[in-house]
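Okay, work.cif is below, mmCIF, C-alpha atoms (C1' of nucleotides):
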```cif
data_coords
#
loop_
_atom_site.label_atom_id
_atom_site.label_comp_id
_atom_site.auth_asym_id
_atom_site.auth_seq_id
_atom_site.Cartn_x
_atom_site.Cartn_y
_atom_site.Cartn_z
CA MET V 607 154.28 -194.76 -19.91
CA ALA V 608 151.48 -197.22 -19.15
CA ASP V 609 151.53 -196.51 -15.45
CA ARG V 610 149.05 -194.02 -14.16
CA PRO V 611 149.66 -191.87 -11.12
CA GLY V 612 147.29 -192.94 -8.38
CA ALA V 613 145.45 -196.18 -7.89
CA PRO V 614 142.26 -197.01 -9.82
CA HIS V 615 140.27 -196.08 -6.78
CA ASP V 616 141.63 -192.57 -6.89
CA LEU V 617 140.77 -192.39 -10.54
CA HIS V 618 137.14 -193.26 -9.92
CA ALA V 619 136.99 -191.04 -6.88
CA THR V 620 138.34 -188.12 -8.86
CA ALA V 621 136.00 -188.79 -11.75
CA ALA V 622 133.04 -189.01 -9.42
CA GLN V 623 134.00 -185.80 -7.73
CA ARG V 624 134.46 -183.85 -10.92
CA LEU V 625 131.17 -185.07 -12.26
CA ARG V 626 129.42 -184.11 -9.05
CA SER V 627 130.94 -180.64 -9.24
CA ASP V 628 129.46 -180.44 -12.69
CA GLY V 629 126.05 -181.55 -11.49
CA GLN V 630 126.39 -185.00 -13.02
CA ARG V 631 126.13 -188.52 -11.66
CA TYR V 632 128.80 -191.17 -11.83
CA THR V 633 126.73 -193.93 -13.37
CA SER V 634 127.84 -197.45 -14.16
CA ASN V 635 128.15 -196.71 -17.87
CA ARG V 636 130.43 -193.81 -17.12
CA ARG V 637 132.44 -195.92 -14.75
CA VAL V 638 132.90 -198.50 -17.49
CA LEU V 639 134.22 -195.82 -19.82
CA ILE V 640 136.70 -194.60 -17.24
CA ASP V 641 137.86 -198.15 -16.58
CA LEU V 642 138.33 -198.70 -20.25
CA LEU V 643 140.24 -195.48 -20.82
CA GLY V 644 142.38 -196.12 -17.78
CA ALA V 645 143.37 -199.52 -19.15
CA THR V 646 144.70 -198.36 -22.50
CA ASP V 647 147.90 -196.57 -23.38
CA HIS V 648 146.48 -194.65 -26.31
CA PRO V 649 143.43 -192.55 -27.20
CA VAL V 650 140.45 -194.72 -28.05
CA THR V 651 137.87 -194.27 -30.81
CA ILE V 652 134.16 -194.68 -30.25
CA ALA V 653 134.27 -197.70 -32.52
CA GLU V 654 136.89 -199.30 -30.29
CA VAL V 655 134.79 -198.66 -27.24
CA LEU V 656 131.79 -200.26 -28.88
CA THR V 657 133.84 -203.28 -29.90
CA LEU V 658 135.43 -203.70 -26.49
CA ARG V 659 132.15 -203.24 -24.69
CA ALA V 660 129.43 -204.37 -27.05
CA ASP V 661 126.83 -203.97 -24.33
CA LEU V 662 127.13 -200.19 -24.43
CA ALA V 663 124.71 -198.27 -26.61
CA GLN V 664 126.38 -196.10 -29.20
CA SER V 665 124.43 -193.00 -28.29
CA SER V 666 125.20 -193.44 -24.61
CA VAL V 667 128.89 -193.68 -25.35
CA TYR V 668 128.79 -190.47 -27.35
CA ARG V 669 126.74 -188.74 -24.71
CA ASN V 670 128.74 -189.95 -21.75
CA LEU V 671 132.07 -189.10 -23.29
CA ALA V 672 130.74 -185.62 -23.92
CA VAL V 673 129.63 -185.36 -20.30
CA LEU V 674 132.97 -186.65 -19.07
CA GLU V 675 134.81 -184.21 -21.26
CA GLN V 676 132.68 -181.35 -20.01
CA ALA V 677 133.52 -182.36 -16.45
CA GLY V 678 137.22 -182.39 -17.28
CA VAL V 679 137.68 -186.10 -16.72
CA VAL V 680 138.43 -187.12 -20.28
CA HIS V 681 139.93 -185.30 -23.20
CA ARG V 682 138.93 -185.42 -26.85
CA VAL V 683 141.87 -186.05 -29.14
CA VAL V 684 141.85 -185.03 -32.77
CA ALA V 685 144.11 -187.01 -35.07
CA THR V 686 144.09 -186.79 -38.86
CA ASP V 687 141.19 -189.04 -39.72
CA GLU V 688 137.54 -188.38 -39.12
CA TYR V 689 137.24 -190.44 -35.96
CA ALA V 690 137.04 -188.80 -32.56
CA ARG V 691 139.33 -190.29 -29.94
CA TYR V 692 139.24 -189.98 -26.17
CA GLU V 693 141.77 -190.35 -23.39
CA LEU V 694 141.79 -189.57 -19.69
CA ALA V 695 142.47 -185.92 -18.93
CA GLN V 696 146.21 -185.40 -18.71
CA ASP V 697 146.10 -184.29 -15.11
CA LEU V 698 144.82 -187.79 -14.34
CA THR V 699 147.59 -189.47 -16.25
CA GLU V 700 150.81 -187.78 -17.16
CA HIS V 701 151.52 -185.12 -19.70
CA HIS V 702 152.30 -186.72 -23.04
CA HIS V 703 152.06 -186.31 -26.78
CA HIS V 704 150.91 -188.39 -29.71
CA LEU V 705 152.42 -190.32 -32.55
CA ILE V 706 149.82 -190.31 -35.28
CA CYS V 707 150.12 -192.75 -38.15
CA SER V 708 148.86 -191.11 -41.30
CA SER V 709 148.52 -194.50 -42.93
CA CYS V 710 146.41 -196.53 -40.50
CA GLY V 711 145.31 -193.75 -38.17
CA ALA V 712 146.79 -195.38 -35.07
CA VAL V 713 147.63 -193.05 -32.21
CA ALA V 714 150.33 -193.85 -29.63
CA ASP V 715 151.59 -191.85 -26.67
CA PHE V 716 155.07 -190.51 -26.09
CA THR V 717 156.76 -188.01 -23.81
CA ILE V 718 159.55 -185.51 -24.21
CA GLY V 719 161.88 -184.26 -21.52
CA PRO V 720 160.73 -181.78 -18.87
CA LYS V 721 163.36 -179.31 -20.00
CA LEU V 722 161.91 -179.11 -23.46
CA GLU V 723 158.42 -178.85 -22.05
CA GLU V 724 159.59 -175.91 -20.01
CA SER V 725 161.15 -174.18 -22.97
CA MET V 726 157.93 -174.62 -24.86
CA ALA V 727 155.86 -173.32 -21.99
CA GLU V 728 157.98 -170.17 -21.95
CA ALA V 729 157.60 -169.73 -25.68
CA PHE V 730 153.85 -170.15 -25.40
CA ALA V 731 153.69 -167.57 -22.65
CA ARG V 732 155.45 -165.12 -24.96
CA VAL V 733 153.07 -165.88 -27.80
CA GLY V 734 150.16 -165.32 -25.47
CA GLU V 735 151.47 -161.94 -24.43
CA GLN V 736 152.06 -160.87 -27.98
CA THR V 737 148.82 -162.06 -29.51
CA GLY V 738 146.36 -161.88 -26.63
CA PHE V 739 145.58 -165.54 -27.11
CA GLU V 740 144.68 -167.30 -23.88
CA THR V 741 146.18 -170.78 -24.02
CA ASP V 742 144.30 -173.61 -22.39
CA HIS V 743 146.61 -176.41 -23.41
CA HIS V 744 149.01 -177.33 -26.16
CA ARG V 745 149.06 -180.12 -28.66
CA LEU V 746 152.32 -181.55 -29.88
CA ASP V 747 151.94 -184.48 -32.24
CA LEU V 748 154.21 -186.28 -34.63
CA VAL V 749 152.55 -187.34 -37.86
CA GLY V 750 154.16 -190.10 -39.87
CA ARG V 751 154.15 -193.87 -40.19
CA CYS V 752 154.00 -196.36 -37.36
CA THR V 753 156.15 -199.48 -37.34
CA ASP V 754 153.32 -201.57 -38.73
CA CYS V 755 152.87 -199.32 -41.73
CA ARG V 756 156.47 -198.66 -42.72
CA MET E 1281 154.15 -163.52 -41.07
CA ALA E 1282 151.93 -162.66 -43.99
CA ASP E 1283 154.81 -162.53 -46.43
CA ARG E 1284 155.47 -165.62 -48.42
CA PRO E 1285 158.88 -166.58 -49.67
CA GLY E 1286 158.91 -166.35 -53.43
CA ALA E 1287 156.73 -164.38 -55.78
CA PRO E 1288 153.27 -165.61 -56.76
CA HIS E 1289 154.70 -166.80 -60.02
CA ASP E 1290 157.00 -169.16 -58.21
CA LEU E 1291 154.12 -170.44 -56.20
CA HIS E 1292 152.15 -171.35 -59.29
CA ALA E 1293 155.20 -172.73 -61.00
CA THR E 1294 155.95 -174.94 -58.03
CA ALA E 1295 152.37 -176.06 -57.75
CA ALA E 1296 152.23 -176.89 -61.44
CA GLN E 1297 155.43 -178.81 -61.22
CA ARG E 1298 154.41 -180.86 -58.22
CA LEU E 1299 151.10 -181.69 -59.80
CA ARG E 1300 152.79 -182.75 -62.99
CA SER E 1301 155.13 -185.00 -61.03
CA ASP E 1302 152.04 -186.56 -59.56
CA GLY E 1303 150.46 -187.04 -62.97
CA GLN E 1304 147.96 -184.25 -62.46
CA ARG E 1305 147.06 -181.15 -64.40
CA TYR E 1306 147.18 -177.60 -63.11
CA THR E 1307 143.68 -176.56 -64.06
CA SER E 1308 142.10 -173.16 -63.58
CA ASN E 1309 140.07 -174.34 -60.61
CA ARG E 1310 143.20 -175.56 -58.91
CA ARG E 1311 144.96 -172.32 -59.69
CA VAL E 1312 142.12 -170.42 -58.07
CA LEU E 1313 142.50 -172.49 -54.93
CA ILE E 1314 146.22 -171.84 -54.77
CA ASP E 1315 145.64 -168.12 -55.27
CA LEU E 1316 143.12 -168.12 -52.49
CA LEU E 1317 145.31 -170.05 -50.06
CA GLY E 1318 148.27 -167.86 -50.91
CA ALA E 1319 146.29 -164.76 -50.04
CA THR E 1320 145.28 -165.74 -46.50
CA ASP E 1321 147.29 -165.90 -43.30
CA HIS E 1322 145.39 -168.77 -41.78
CA PRO E 1323 144.05 -172.20 -42.76
CA VAL E 1324 140.80 -171.98 -44.68
CA THR E 1325 137.69 -174.13 -44.40
CA ILE E 1326 135.82 -175.48 -47.40
CA ALA E 1327 132.91 -173.30 -46.43
CA GLU E 1328 135.14 -170.21 -46.57
CA VAL E 1329 136.38 -171.22 -49.98
CA LEU E 1330 132.83 -171.62 -51.24
CA THR E 1331 131.87 -168.24 -49.84
CA LEU E 1332 134.90 -166.45 -51.23
CA ARG E 1333 134.54 -168.09 -54.61
CA ALA E 1334 130.87 -168.92 -55.06
CA ASP E 1335 131.50 -169.99 -58.65
CA LEU E 1336 133.36 -173.11 -57.49
CA ALA E 1337 131.41 -176.33 -57.16
CA GLN E 1338 131.58 -177.86 -53.72
CA SER E 1339 132.57 -181.28 -54.97
CA SER E 1340 135.32 -179.84 -57.12
CA VAL E 1341 136.76 -177.97 -54.17
CA TYR E 1342 136.84 -181.13 -52.10
CA ARG E 1343 138.33 -183.12 -54.96
CA ASN E 1344 140.90 -180.54 -55.94
CA LEU E 1345 142.09 -179.93 -52.42
CA ALA E 1346 142.55 -183.67 -52.08
CA VAL E 1347 144.55 -183.74 -55.31
CA LEU E 1348 146.64 -180.77 -54.21
CA GLU E 1349 147.30 -182.38 -50.87
CA GLN E 1350 148.32 -185.62 -52.52
CA ALA E 1351 150.76 -183.66 -54.68
CA GLY E 1352 152.21 -181.99 -51.60
CA VAL E 1353 151.11 -178.50 -52.53
CA VAL E 1354 148.59 -177.95 -49.77
CA HIS E 1355 148.25 -179.31 -46.29
CA ARG E 1356 145.16 -180.41 -44.46
CA VAL E 1357 144.89 -178.89 -41.00
CA VAL E 1358 142.85 -180.51 -38.28
CA ALA E 1359 141.60 -178.18 -35.56
CA THR E 1360 139.10 -179.15 -32.88
CA ASP E 1361 135.83 -178.75 -34.71
CA GLU E 1362 134.53 -180.94 -37.48
CA TYR E 1363 135.61 -178.71 -40.34
CA ALA E 1364 138.61 -179.54 -42.47
CA ARG E 1365 140.99 -176.66 -43.11
CA TYR E 1366 143.64 -176.24 -45.74
CA GLU E 1367 146.78 -174.15 -46.06
CA LEU E 1368 149.71 -174.10 -48.46
CA ALA E 1369 152.32 -176.73 -47.71
CA GLN E 1370 154.78 -175.30 -45.19
CA ASP E 1371 157.73 -175.59 -47.54
CA LEU E 1372 155.90 -173.09 -49.74
CA THR E 1373 155.33 -170.66 -46.91
CA GLU E 1374 157.29 -170.75 -43.72
CA HIS E 1375 157.19 -173.19 -40.88
CA HIS E 1376 154.59 -172.12 -38.35
CA HIS E 1377 152.08 -173.36 -35.81
CA HIS E 1378 148.47 -172.72 -34.98
CA LEU E 1379 146.45 -170.93 -32.36
CA ILE E 1380 143.14 -172.73 -32.23
CA CYS E 1381 140.19 -171.07 -30.53
CA SER E 1382 138.11 -173.73 -28.85
CA SER E 1383 135.21 -171.31 -28.65
CA CYS E 1384 134.76 -170.06 -32.20
CA GLY E 1385 137.04 -172.48 -34.03
CA ALA E 1386 139.22 -169.77 -35.53
CA VAL E 1387 142.73 -170.78 -36.47
CA ALA E 1388 145.62 -168.30 -36.61
CA ASP E 1389 149.30 -168.81 -37.39
CA PHE E 1390 152.26 -168.18 -35.12
CA THR E 1391 155.94 -169.07 -35.04
CA ILE E 1392 158.39 -169.96 -32.32
CA GLY E 1393 162.13 -169.37 -32.34
CA PRO E 1394 164.47 -171.47 -34.48
CA LYS E 1395 166.31 -172.59 -31.37
CA LEU E 1396 163.24 -174.16 -29.90
CA GLU E 1397 162.39 -175.74 -33.22
CA GLU E 1398 165.83 -177.28 -33.26
CA SER E 1399 165.48 -178.65 -29.75
CA MET E 1400 162.19 -180.18 -30.71
CA ALA E 1401 163.63 -181.68 -33.88
CA GLU E 1402 166.31 -183.36 -31.79
CA ALA E 1403 163.76 -184.70 -29.35
CA PHE E 1404 161.67 -186.06 -32.21
CA ALA E 1405 164.68 -187.78 -33.69
CA ARG E 1406 165.24 -189.52 -30.38
CA VAL E 1407 161.62 -190.58 -30.18
CA GLY E 1408 161.85 -191.94 -33.70
CA GLU E 1409 164.88 -194.00 -32.81
CA GLN E 1410 163.28 -195.38 -29.71
CA THR E 1411 159.87 -196.20 -31.12
CA GLY E 1412 160.55 -196.92 -34.77
CA PHE E 1413 158.06 -194.25 -35.71
CA GLU E 1414 158.96 -192.50 -38.96
CA THR E 1415 158.05 -188.85 -38.55
CA ASP E 1416 156.77 -186.98 -41.54
CA HIS E 1417 156.05 -183.68 -39.83
CA HIS E 1418 155.06 -182.34 -36.45
CA ARG E 1419 152.07 -180.46 -35.24
CA LEU E 1420 152.34 -177.94 -32.46
CA ASP E 1421 149.13 -176.11 -31.69
CA LEU E 1422 147.92 -173.98 -28.84
CA VAL E 1423 144.29 -174.51 -27.94
CA GLY E 1424 142.52 -171.80 -26.03
CA ARG E 1425 140.54 -168.63 -26.60
CA CYS E 1426 141.21 -165.99 -29.20
CA THR E 1427 140.98 -162.30 -28.40
CA ASP E 1428 137.46 -162.12 -29.79
CA CYS E 1429 136.23 -164.87 -27.51
CA ARG E 1430 137.88 -163.96 -24.23
"C1'" DC J 304 107.82 -190.17 -7.19
"C1'" DT J 305 110.99 -187.47 -10.03
"C1'" DC J 306 114.26 -186.69 -13.14
"C1'" DA J 307 118.59 -187.84 -15.19
"C1'" DG J 308 120.40 -191.74 -17.79
"C1'" DT J 309 119.67 -195.25 -21.33
"C1'" DG J 310 118.72 -197.54 -25.76
"C1'" DC J 311 116.71 -197.67 -30.13
"C1'" DA J 312 115.90 -195.64 -34.31
"C1'" DA J 313 115.70 -191.71 -37.10
"C1'" DA J 314 117.78 -187.23 -38.31
"C1'" DG J 315 121.77 -184.15 -39.20
"C1'" DG J 316 125.71 -182.52 -41.54
"C1'" DA J 317 130.32 -182.54 -43.51
"C1'" DT J 318 132.30 -185.13 -47.03
"C1'" DT J 319 132.31 -188.47 -50.92
"C1'" DT J 320 130.73 -190.59 -55.06
"C1'" DG J 321 128.00 -191.67 -59.60
"C1'" DC J 322 127.22 -190.01 -63.83
"C1'" DA J 323 126.67 -187.09 -67.86
"C1'" DT J 324 129.01 -183.22 -69.91
"C1'" DG J 325 132.92 -180.10 -71.04
"C1'" DC J 326 137.56 -179.25 -72.02
"C1'" DC J 327 142.68 -179.78 -71.97
"C1'" DG J 328 146.40 -182.23 -74.11
"C1'" DC Y 1467 139.70 -187.95 -80.40
"C1'" DG Y 1468 140.63 -189.78 -75.30
"C1'" DG Y 1469 140.69 -189.04 -70.74
"C1'" DC Y 1470 140.67 -186.24 -66.91
"C1'" DA Y 1471 138.10 -182.35 -64.71
"C1'" DT Y 1472 133.71 -180.48 -63.58
"C1'" DG Y 1473 129.07 -179.88 -61.60
"C1'" DC Y 1474 124.90 -181.49 -60.00
"C1'" DA Y 1475 122.56 -184.47 -57.09
"C1'" DA Y 1476 122.34 -188.51 -54.50
"C1'" DA Y 1477 124.67 -191.45 -51.27
"C1'" DT Y 1478 127.89 -192.18 -47.13
"C1'" DC Y 1479 129.20 -192.26 -42.64
"C1'" DC Y 1480 130.28 -190.37 -38.16
"C1'" DT Y 1481 127.73 -188.09 -34.91
"C1'" DT Y 1482 123.64 -186.05 -32.78
"C1'" DT Y 1483 118.90 -185.98 -31.45
"C1'" DG Y 1484 113.80 -187.44 -30.31
"C1'" DC Y 1485 111.32 -190.22 -27.56
"C1'" DA Y 1486 109.69 -193.69 -24.48
"C1'" DC Y 1487 111.50 -196.50 -20.80
"C1'" DT Y 1488 114.35 -197.61 -16.73
"C1'" DG Y 1489 116.57 -196.85 -12.46
"C1'" DA Y 1490 118.93 -194.21 -8.83
"C1'" DG Y 1491 118.08 -191.09 -4.97
#
```

What does the file become when written as structure tokens?
Amino acid sequence: MADRPGAPHDLHATAAQRLRSDGQRYTSNRRVLIDLLGATDHPVTIAEVLTLRADLAQSSVYRNLAVLEQAGVVHRVVATDEYARYELAQDLTEHHHHLICSSCGAVADFTIGPKLEESMAEAFARVGEQTGFETDHHRLDLVGRCTDCR
Amino acid sequence: MADRPGAPHDLHATAAQRLRSDGQRYTSNRRVLIDLLGATDHPVTIAEVLTLRADLAQSSVYRNLAVLEQAGVVHRVVATDEYARYELAQDLTEHHHHLICSSCGAVADFTIGPKLEESMAEAFARVGEQTGFETDHHRLDLVGRCTDCR
DNA sequence: CTCAGTGCAAAGGATTTGCATGCCG
DNA sequence: CGGCATGCAAATCCTTTGCACTGAG
């Protein structure tokens, strides 16, 4: 689950390309963020980023993550606490879901089988037809207690 | 989907009982909140509550919803925007999921078939065994654009 | 050179808290 | 009566924004 499809180079190349398509530059700060997100196996809070890379300015991190999200390179994850979390866009990693600890707020990744994903996709298609809702992506999270908090 | 299992009386009785078990009173303000949540078919923001019932003090709404959540009567729903939303606990209504509009933030309810729910429950049990994560509940949301925003 | 990106500090906005008062038990 | 609930206003805290400076193209 920690392995990413494609080498780091591809990751940066893809990020650069998507940013360019969006009229944005791939600056060193943005590269640092991508490196950082590519090295973790869970969505990261802004606070974590600032701790891991104390040289980054808070406002730049907020702004750059917003730019990267806009360009479709990273994805904003909403857990249950008030902190925003970011991960690489799932087409740059692999499709997965989140285990959210309601006690400490930790977020971990997990996957379910492709069969189940398919069944869900079919169900979502039906819902879309019936309601007129145009689905962009789905969110399947388990909320509970992580091993540390049990 | 708008129908709730059990008459309103049961709802209040259950709410009162759960609060009592939690050492809390079922005050008139709390009753108003339950009435309001029972009357809608989607999770409600604090702002909506304050608009619908302008006589309620903002701080009391925040505090009472927290108390009600603690007692297991209401559930806090996290969408994609920064607003907290609340709905009745799903054992007081029926199990459902959310359509979240990433454009206007609207949240609507929908359900999937019991078969699929079962398959998911099985998958979650497996994940729990493998990771040691103790699941309290799951969250399955579709993020996209509602009919108004398409 | 030009203009987007950066960093610092100040502002914004949803949510929380302190405190005096009111009311249920 | 005692203690929790309430309401108002002030405080918090994550996040956003203003502004002057720096650096890439």

Translate the PyMOL selection byres ((chain Y and resi 1483-1488) around 10), as applied to the file shown, into an explicit residue set as a list in words. Ser665 of chain V; DG308, DT309, DG310, DC311, DA312, DA313, DA314 and DG315 of chain J; DT1481, DT1482, DG1489 and DA1490 of chain Y

How would chain E read as a short mmCIF file (atom, residue, chain, number, x, y, z; two decimals) with C-alpha atoms, keeping the file's coordinate frame after a least-squares superposition onto chain V over every Cα atom, matched in order?
```cif
data_model
loop_
_atom_site.label_atom_id
_atom_site.label_comp_id
_atom_site.auth_asym_id
_atom_site.auth_seq_id
_atom_site.Cartn_x
_atom_site.Cartn_y
_atom_site.Cartn_z
CA MET E 1281 154.38 -194.92 -19.76
CA ALA E 1282 151.58 -197.34 -19.07
CA ASP E 1283 151.59 -196.63 -15.36
CA ARG E 1284 149.12 -194.11 -14.12
CA PRO E 1285 149.71 -191.96 -11.10
CA GLY E 1286 147.29 -192.97 -8.40
CA ALA E 1287 145.43 -196.19 -7.85
CA PRO E 1288 142.25 -196.99 -9.78
CA HIS E 1289 140.26 -196.01 -6.75
CA ASP E 1290 141.63 -192.51 -6.91
CA LEU E 1291 140.78 -192.34 -10.54
CA HIS E 1292 137.15 -193.17 -9.90
CA ALA E 1293 137.02 -190.93 -6.89
CA THR E 1294 138.39 -188.03 -8.90
CA ALA E 1295 136.05 -188.70 -11.77
CA ALA E 1296 133.07 -188.87 -9.44
CA GLN E 1297 134.08 -185.67 -7.78
CA ARG E 1298 134.56 -183.75 -10.99
CA LEU E 1299 131.25 -184.94 -12.31
CA ARG E 1300 129.51 -183.94 -9.13
CA SER E 1301 131.06 -180.49 -9.35
CA ASP E 1302 129.59 -180.29 -12.80
CA GLY E 1303 126.17 -181.37 -11.59
CA GLN E 1304 126.47 -184.82 -13.11
CA ARG E 1305 126.14 -188.32 -11.75
CA TYR E 1306 128.79 -191.01 -11.87
CA THR E 1307 126.70 -193.76 -13.39
CA SER E 1308 127.79 -197.30 -14.13
CA ASN E 1309 128.11 -196.60 -17.84
CA ARG E 1310 130.41 -193.71 -17.13
CA ARG E 1311 132.42 -195.82 -14.74
CA VAL E 1312 132.85 -198.43 -17.44
CA LEU E 1313 134.20 -195.79 -19.80
CA ILE E 1314 136.69 -194.56 -17.23
CA ASP E 1315 137.81 -198.12 -16.54
CA LEU E 1316 138.30 -198.70 -20.22
CA LEU E 1317 140.23 -195.48 -20.80
CA GLY E 1318 142.36 -196.14 -17.75
CA ALA E 1319 143.34 -199.53 -19.10
CA THR E 1320 144.71 -198.40 -22.47
CA ASP E 1321 147.92 -196.61 -23.37
CA HIS E 1322 146.51 -194.72 -26.30
CA PRO E 1323 143.45 -192.64 -27.21
CA VAL E 1324 140.45 -194.78 -28.05
CA THR E 1325 137.88 -194.35 -30.80
CA ILE E 1326 134.15 -194.74 -30.24
CA ALA E 1327 134.24 -197.76 -32.48
CA GLU E 1328 136.87 -199.38 -30.25
CA VAL E 1329 134.76 -198.68 -27.21
CA LEU E 1330 131.74 -200.29 -28.83
CA THR E 1331 133.79 -203.32 -29.80
CA LEU E 1332 135.39 -203.72 -26.40
CA ARG E 1333 132.11 -203.23 -24.60
CA ALA E 1334 129.36 -204.35 -26.96
CA ASP E 1335 126.76 -203.93 -24.22
CA LEU E 1336 127.08 -200.13 -24.38
CA ALA E 1337 124.68 -198.23 -26.58
CA GLN E 1338 126.37 -196.09 -29.18
CA SER E 1339 124.42 -192.98 -28.31
CA SER E 1340 125.19 -193.38 -24.63
CA VAL E 1341 128.89 -193.65 -25.34
CA TYR E 1342 128.82 -190.46 -27.37
CA ARG E 1343 126.75 -188.69 -24.74
CA ASN E 1344 128.75 -189.89 -21.78
CA LEU E 1345 132.09 -189.08 -23.31
CA ALA E 1346 130.78 -185.59 -23.98
CA VAL E 1347 129.67 -185.30 -20.35
CA LEU E 1348 133.00 -186.61 -19.11
CA GLU E 1349 134.86 -184.19 -21.32
CA GLN E 1350 132.75 -181.30 -20.10
CA ALA E 1351 133.58 -182.30 -16.53
CA GLY E 1352 137.28 -182.37 -17.37
CA VAL E 1353 137.72 -186.07 -16.77
CA VAL E 1354 138.45 -187.12 -20.33
CA HIS E 1355 139.97 -185.36 -23.27
CA ARG E 1356 138.97 -185.48 -26.89
CA VAL E 1357 141.89 -186.14 -29.20
CA VAL E 1358 141.83 -185.13 -32.82
CA ALA E 1359 144.10 -187.11 -35.13
CA THR E 1360 144.06 -186.87 -38.91
CA ASP E 1361 141.19 -189.16 -39.79
CA GLU E 1362 137.54 -188.51 -39.17
CA TYR E 1363 137.27 -190.53 -35.98
CA ALA E 1364 137.10 -188.87 -32.60
CA ARG E 1365 139.37 -190.35 -29.95
CA TYR E 1366 139.26 -190.04 -26.20
CA GLU E 1367 141.79 -190.41 -23.42
CA LEU E 1368 141.82 -189.60 -19.72
CA ALA E 1369 142.51 -185.95 -18.98
CA GLN E 1370 146.27 -185.46 -18.78
CA ASP E 1371 146.18 -184.34 -15.17
CA LEU E 1372 144.87 -187.82 -14.38
CA THR E 1373 147.65 -189.54 -16.27
CA GLU E 1374 150.85 -187.84 -17.19
CA HIS E 1375 151.55 -185.18 -19.73
CA HIS E 1376 152.34 -186.77 -23.08
CA HIS E 1377 152.07 -186.34 -26.82
CA HIS E 1378 150.93 -188.41 -29.75
CA LEU E 1379 152.45 -190.31 -32.61
CA ILE E 1380 149.83 -190.31 -35.33
CA CYS E 1381 150.14 -192.75 -38.21
CA SER E 1382 148.85 -191.09 -41.34
CA SER E 1383 148.54 -194.48 -42.99
CA CYS E 1384 146.48 -196.54 -40.56
CA GLY E 1385 145.34 -193.79 -38.19
CA ALA E 1386 146.84 -195.41 -35.11
CA VAL E 1387 147.67 -193.10 -32.25
CA ALA E 1388 150.37 -193.88 -29.68
CA ASP E 1389 151.64 -191.88 -26.71
CA PHE E 1390 155.13 -190.53 -26.16
CA THR E 1391 156.80 -188.01 -23.87
CA ILE E 1392 159.58 -185.50 -24.28
CA GLY E 1393 161.93 -184.24 -21.58
CA PRO E 1394 160.76 -181.82 -18.90
CA LYS E 1395 163.36 -179.31 -20.04
CA LEU E 1396 161.89 -179.09 -23.48
CA GLU E 1397 158.41 -178.87 -22.05
CA GLU E 1398 159.55 -175.94 -19.97
CA SER E 1399 161.08 -174.17 -22.95
CA MET E 1400 157.87 -174.63 -24.83
CA ALA E 1401 155.79 -173.36 -21.92
CA GLU E 1402 157.89 -170.20 -21.88
CA ALA E 1403 157.49 -169.73 -25.60
CA PHE E 1404 153.73 -170.18 -25.30
CA ALA E 1405 153.57 -167.61 -22.54
CA ARG E 1406 155.29 -165.14 -24.82
CA VAL E 1407 152.91 -165.90 -27.65
CA GLY E 1408 149.99 -165.40 -25.29
CA GLU E 1409 151.29 -162.01 -24.25
CA GLN E 1410 151.84 -160.91 -27.79
CA THR E 1411 148.59 -162.13 -29.30
CA GLY E 1412 146.15 -161.99 -26.42
CA PHE E 1413 145.41 -165.65 -26.94
CA GLU E 1414 144.55 -167.44 -23.69
CA THR E 1415 146.08 -170.89 -23.88
CA ASP E 1416 144.24 -173.75 -22.29
CA HIS E 1417 146.59 -176.53 -23.33
CA HIS E 1418 148.97 -177.40 -26.11
CA ARG E 1419 149.04 -180.15 -28.63
CA LEU E 1420 152.28 -181.57 -29.90
CA ASP E 1421 151.90 -184.48 -32.28
CA LEU E 1422 154.19 -186.24 -34.68
CA VAL E 1423 152.52 -187.31 -37.90
CA GLY E 1424 154.14 -190.04 -39.92
CA ARG E 1425 154.18 -193.80 -40.24
CA CYS E 1426 154.06 -196.31 -37.44
CA THR E 1427 156.25 -199.40 -37.43
CA ASP E 1428 153.43 -201.51 -38.83
CA CYS E 1429 152.97 -199.25 -41.81
CA ARG E 1430 156.55 -198.53 -42.80
#
```

Return as JSON lines the residues of chain V lying at most 10 Å from chain J, together with the closest atom-to-atom pair for each and the distance in Å to one decimal, counting all atoms listed in the file, with rows in chain order and ascending residue number.
```
{"residue": "V:Gln630", "atom": "CA", "partner": "J:DA307", "partner_atom": "C1'", "distance": 8.6}
{"residue": "V:Arg631", "atom": "CA", "partner": "J:DA307", "partner_atom": "C1'", "distance": 8.4}
{"residue": "V:Thr633", "atom": "CA", "partner": "J:DG308", "partner_atom": "C1'", "distance": 8.0}
{"residue": "V:Asn635", "atom": "CA", "partner": "J:DG308", "partner_atom": "C1'", "distance": 9.2}
{"residue": "V:Leu662", "atom": "CA", "partner": "J:DG310", "partner_atom": "C1'", "distance": 8.9}
{"residue": "V:Ala663", "atom": "CA", "partner": "J:DG310", "partner_atom": "C1'", "distance": 6.1}
{"residue": "V:Gln664", "atom": "CA", "partner": "J:DG310", "partner_atom": "C1'", "distance": 8.5}
{"residue": "V:Ser665", "atom": "CA", "partner": "J:DG310", "partner_atom": "C1'", "distance": 7.7}
{"residue": "V:Ser666", "atom": "CA", "partner": "J:DT309", "partner_atom": "C1'", "distance": 6.7}
{"residue": "V:Arg669", "atom": "CA", "partner": "J:DG308", "partner_atom": "C1'", "distance": 9.9}
{"residue": "V:Asn670", "atom": "CA", "partner": "J:DG308", "partner_atom": "C1'", "distance": 9.4}
```

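Residue list for chain V within 9 Å of chain Y: V:Ser665, V:Tyr668, V:Glu688, V:Tyr689, V:Ala690, counting all atoms listed in the file.
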
Can you list, as a ChimeraX atom specification, every protein, DNA or RNA residue that comes within 10 Å of His704 in chain V when you count all atoms listed in the file, leaving out same-chain residues fewer than 6 positions away? /V:648-649,683,685,712-717,745-749 /E:1418-1419
